[in-house]
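Reviewing the structure listed below.
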Amino acid sequence: MNDFYKTRIVFSMPLYAGTEGEAGGVYNELLYRKSLANQLGYDTEFHNHWESLTKFNPKTDVFHVFMANNGMLDFVIKLKSYGFKVVVSPILDTRWSAKKVWFFVSLIYNLRVIHAHLKSARQICTISDVICSRSEQESEMLSIGLKTNRSKIHCVLNSPKNSIVTHSNLKSTNKKDIVFFLGNWGTERKNVQRLVRAMEGVDAKLVIAGAASDTKI
């Protein structure tokens, strides 16, 4: 890599993802990706997506957008209007089939809020330069469910966590025996119910450790 010039990558977070205290999985996931980029020699920084675009370094080469939904749509549109390259990790977690997703996306009117988010996800994926999926199943959802250009989709297995989301990748990641979940699992947004369902049929044990004082599970 050239000593006097380094590619600069900016990671942008959705509105609810704080950077202090109980930041949650989104921030931790971006920290992991930031550390990998730093190991490869890239300059990196974080920005909350509601911050003014004028604060961004004009020498920035790539923006990595985590999640594709209504809250990120205007931000991505502005980034593209400024001429920035955008890489998006859509994070599509749904039990619907790809064909069912496309059915809802193709409707003129949104029957539920999730349908609006899917349409925004499709628009974001359409205008982004590169799309990172976490599994082959998510790649299929993007290409068939959202009618996204397949050539822009790159599957990046998300370490052991990818095997939890789509257990068919368990063998390809060569992870066996135990899946360990650590953290508060008393709130629905932590997706522990989805984790338990995903482990059905997986040749591995699931160990959960964490507070559950208000759980309904």
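By order in the structure tokens, chains are A, B, ...; within a chain, residues start at 1; ligands start at 1, following the order shown.
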inquiry  = When you look at Ile9 of chain A with a cut-off of 7 Å (counting only C-alpha atoms), what residues show up, excluding the ones that are within fewer than 3 positions of it in the same chain? I need them as a list in words.
reply    =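 My reading of the contact set: Tyr42, Asp43, Thr44, Glu45, Thr60, Asp61, Val62, Phe63 and His64 of chain A.
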request  = List the neighbours of Lys100 of chain A out to 12 Å using only C-alpha atoms; skip same-chain residues closer than 6 positions along the sequence, and give me the result as a ChimeraX atom specification.
outcome  = /A:94,106-107,115,118,141,144-146
Write a file of the just-selected residues containing N, CA and C atoms, as a PDB file, in the first residue's frame.
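See selection-v5.pdb below for the written result:
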ATOM      1  N   THR A  94     -35.670 -12.363   8.239  1.00  0.00           N
ATOM      2  CA  THR A  94     -37.085 -12.660   8.081  1.00  0.00           C
ATOM      3  C   THR A  94     -37.271 -14.149   7.841  1.00  0.00           C
ATOM      4  N   SER A 106     -43.386  -5.751  -4.190  1.00  0.00           N
ATOM      5  CA  SER A 106     -44.004  -5.351  -5.454  1.00  0.00           C
ATOM      6  C   SER A 106     -45.391  -4.737  -5.285  1.00  0.00           C
ATOM      7  N   LEU A 107     -45.954  -4.801  -4.071  1.00  0.00           N
ATOM      8  CA  LEU A 107     -47.266  -4.201  -3.838  1.00  0.00           C
ATOM      9  C   LEU A 107     -47.196  -2.679  -3.936  1.00  0.00           C
ATOM     10  N   HIS A 115     -43.073  -3.914   5.316  1.00  0.00           N
ATOM     11  CA  HIS A 115     -43.071  -3.850   3.854  1.00  0.00           C
ATOM     12  C   HIS A 115     -42.383  -2.573   3.375  1.00  0.00           C
ATOM     13  N   LEU A 118     -38.680  -3.064   3.668  1.00  0.00           N
ATOM     14  CA  LEU A 118     -38.170  -3.905   2.586  1.00  0.00           C
ATOM     15  C   LEU A 118     -38.013  -3.111   1.298  1.00  0.00           C
ATOM     16  N   MET A 141     -31.993 -14.075  -0.856  1.00  0.00           N
ATOM     17  CA  MET A 141     -33.061 -13.158  -0.482  1.00  0.00           C
ATOM     18  C   MET A 141     -32.884 -11.806  -1.163  1.00  0.00           C
ATOM     19  N   ILE A 144     -33.349 -12.454  -5.229  1.00  0.00           N
ATOM     20  CA  ILE A 144     -34.691 -12.875  -5.635  1.00  0.00           C
ATOM     21  C   ILE A 144     -35.770 -12.057  -4.931  1.00  0.00           C
ATOM     22  N   GLY A 145     -35.628 -11.897  -3.618  1.00  0.00           N
ATOM     23  CA  GLY A 145     -36.642 -11.183  -2.851  1.00  0.00           C
ATOM     24  C   GLY A 145     -36.668  -9.692  -3.102  1.00  0.00           C
ATOM     25  N   LEU A 146     -35.487  -9.088  -3.327  1.00  0.00           N
ATOM     26  CA  LEU A 146     -35.409  -7.649  -3.574  1.00  0.00           C
ATOM     27  C   LEU A 146     -35.016  -7.323  -5.008  1.00  0.00           C
TER      28      LEU A 146
END
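Nearest to Arg134 of chain A of all the residues A:Asn70, A:Thr7, A:Ser35, A:Ser89 is A:Ser89, counting only C-alpha atoms.
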task = Within 12 Å of Lys85 of chain A, counting only C-alpha atoms, which residues show up once you throw out same-chain ones fewer than 3 positions away? Write them as a PyMOL selection string, please.
result = chain A and resi 7-10+58-65+76-82+88+127-131
inquiry  = Rounded to one decimal, what separation in Å do you get between atom CA of Phe84 of chain A and atom CA of Ser120 of chain A?
reply    =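 For atom CA of Phe84 of chain A relative to atom CA of Ser120 of chain A, the distance reads 19.1 Å.
If you look at atom CA of Asp74 of chain A and atom CA of Ile153 of chain A, they are 21.5 Å away from each other.
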key: Separation of atom CA of Ile124 of chain A from atom CA of Leu73 of chain A, in Å and rounded to one decimal   =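 Answer for the atom CA of Ile124 of chain A to atom CA of Leu73 of chain A separation: 6.1 Å.
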task = Could you tell me which of A:Leu142, A:Ile114, A:Leu195, A:Met67 comes closest to Ala98 of chain A if we count only C-alpha atoms?
result =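 When distances to Ala98 of chain A are compared using only C-alpha atoms, the smallest one comes from A:Leu142.
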message = With distances taken over only C-alpha atoms, which residue among A:Arg122, A:Lys152, A:Asp93, A:Ala68 lies nearest Ala198 of chain A?
response = A:Asp93
Residue neighbourhood Ile178 of chain A, 10 Å, only C-alpha atoms, exclusion window fewer than 3 positions, as a compact mmCIF listing (two decimals) with C-alpha atoms, in the first residue's frame:
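result-v9.txt, freshly written:
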# COMPACT_ATOMS: atom_id res chain seq x y z
CA LYS A 175 -17.67 -24.70 13.77
CA PHE A 181 -24.82 -16.87 23.79
CA ASP A 203 -25.66 -30.79 15.35
CA ALA A 204 -24.46 -28.59 18.20
CA LYS A 205 -25.34 -27.63 21.76
CA LEU A 206 -26.72 -24.21 22.62
CA VAL A 207 -25.57 -22.59 25.87
request  = Please report, as a VMD selection string, each residue of segment 89-165 of chain A to which DSSP assigns strand (DSSP E or B) when run on this structure's backbone.
outcome  = chain A and resid 89 130 to 133 153 to 155
Could you write out that same residue set with N, CA and C atoms as a PDB file, in the first residue's frame?
ATOM      1  N   SER A  89     -24.412  -3.447   4.254  1.00  0.00           N
ATOM      2  CA  SER A  89     -24.761  -4.749   4.828  1.00  0.00           C
ATOM      3  C   SER A  89     -26.238  -4.668   5.210  1.00  0.00           C
ATOM      4  N   VAL A 130     -21.670  -1.894  -3.601  1.00  0.00           N
ATOM      5  CA  VAL A 130     -21.395  -3.276  -3.204  1.00  0.00           C
ATOM      6  C   VAL A 130     -22.342  -3.649  -2.070  1.00  0.00           C
ATOM      7  N   ILE A 131     -22.800  -4.906  -2.078  1.00  0.00           N
ATOM      8  CA  ILE A 131     -23.690  -5.407  -1.036  1.00  0.00           C
ATOM      9  C   ILE A 131     -23.022  -6.590  -0.357  1.00  0.00           C
ATOM     10  N   CYS A 132     -22.925  -6.553   0.971  1.00  0.00           N
ATOM     11  CA  CYS A 132     -22.334  -7.653   1.732  1.00  0.00           C
ATOM     12  C   CYS A 132     -23.442  -8.448   2.410  1.00  0.00           C
ATOM     13  N   SER A 133     -23.558  -9.706   2.061  1.00  0.00           N
ATOM     14  CA  SER A 133     -24.517 -10.581   2.737  1.00  0.00           C
ATOM     15  C   SER A 133     -23.780 -11.451   3.735  1.00  0.00           C
ATOM     16  N   ILE A 153     -23.503  -8.530  -5.146  1.00  0.00           N
ATOM     17  CA  ILE A 153     -23.630  -9.182  -3.845  1.00  0.00           C
ATOM     18  C   ILE A 153     -22.407 -10.051  -3.559  1.00  0.00           C
ATOM     19  N   HIS A 154     -21.802  -9.844  -2.405  1.00  0.00           N
ATOM     20  CA  HIS A 154     -20.650 -10.636  -1.984  1.00  0.00           C
ATOM     21  C   HIS A 154     -20.957 -11.239  -0.614  1.00  0.00           C
ATOM     22  N   CYS A 155     -20.865 -12.544  -0.534  1.00  0.00           N
ATOM     23  CA  CYS A 155     -21.169 -13.245   0.712  1.00  0.00           C
ATOM     24  C   CYS A 155     -19.930 -13.269   1.607  1.00  0.00           C
TER      25      CYS A 155
END
query = Looking at A:Leu31, A:Val105, A:Met199, A:Val87, which one is nearest to Cys125 of chain A, with distances taken over only C-alpha atoms?
reply =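 For Cys125 of chain A, the nearest of the candidates is A:Val87.
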request  = Using only C-alpha atoms, pick whichever of A:Trp96, A:Ala209, A:Gln123, A:Val202 has the shortest atom-to-atom distance to Leu182 of chain A.
outcome  =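 Under the stated criterion, the closest residue is A:Ala209.
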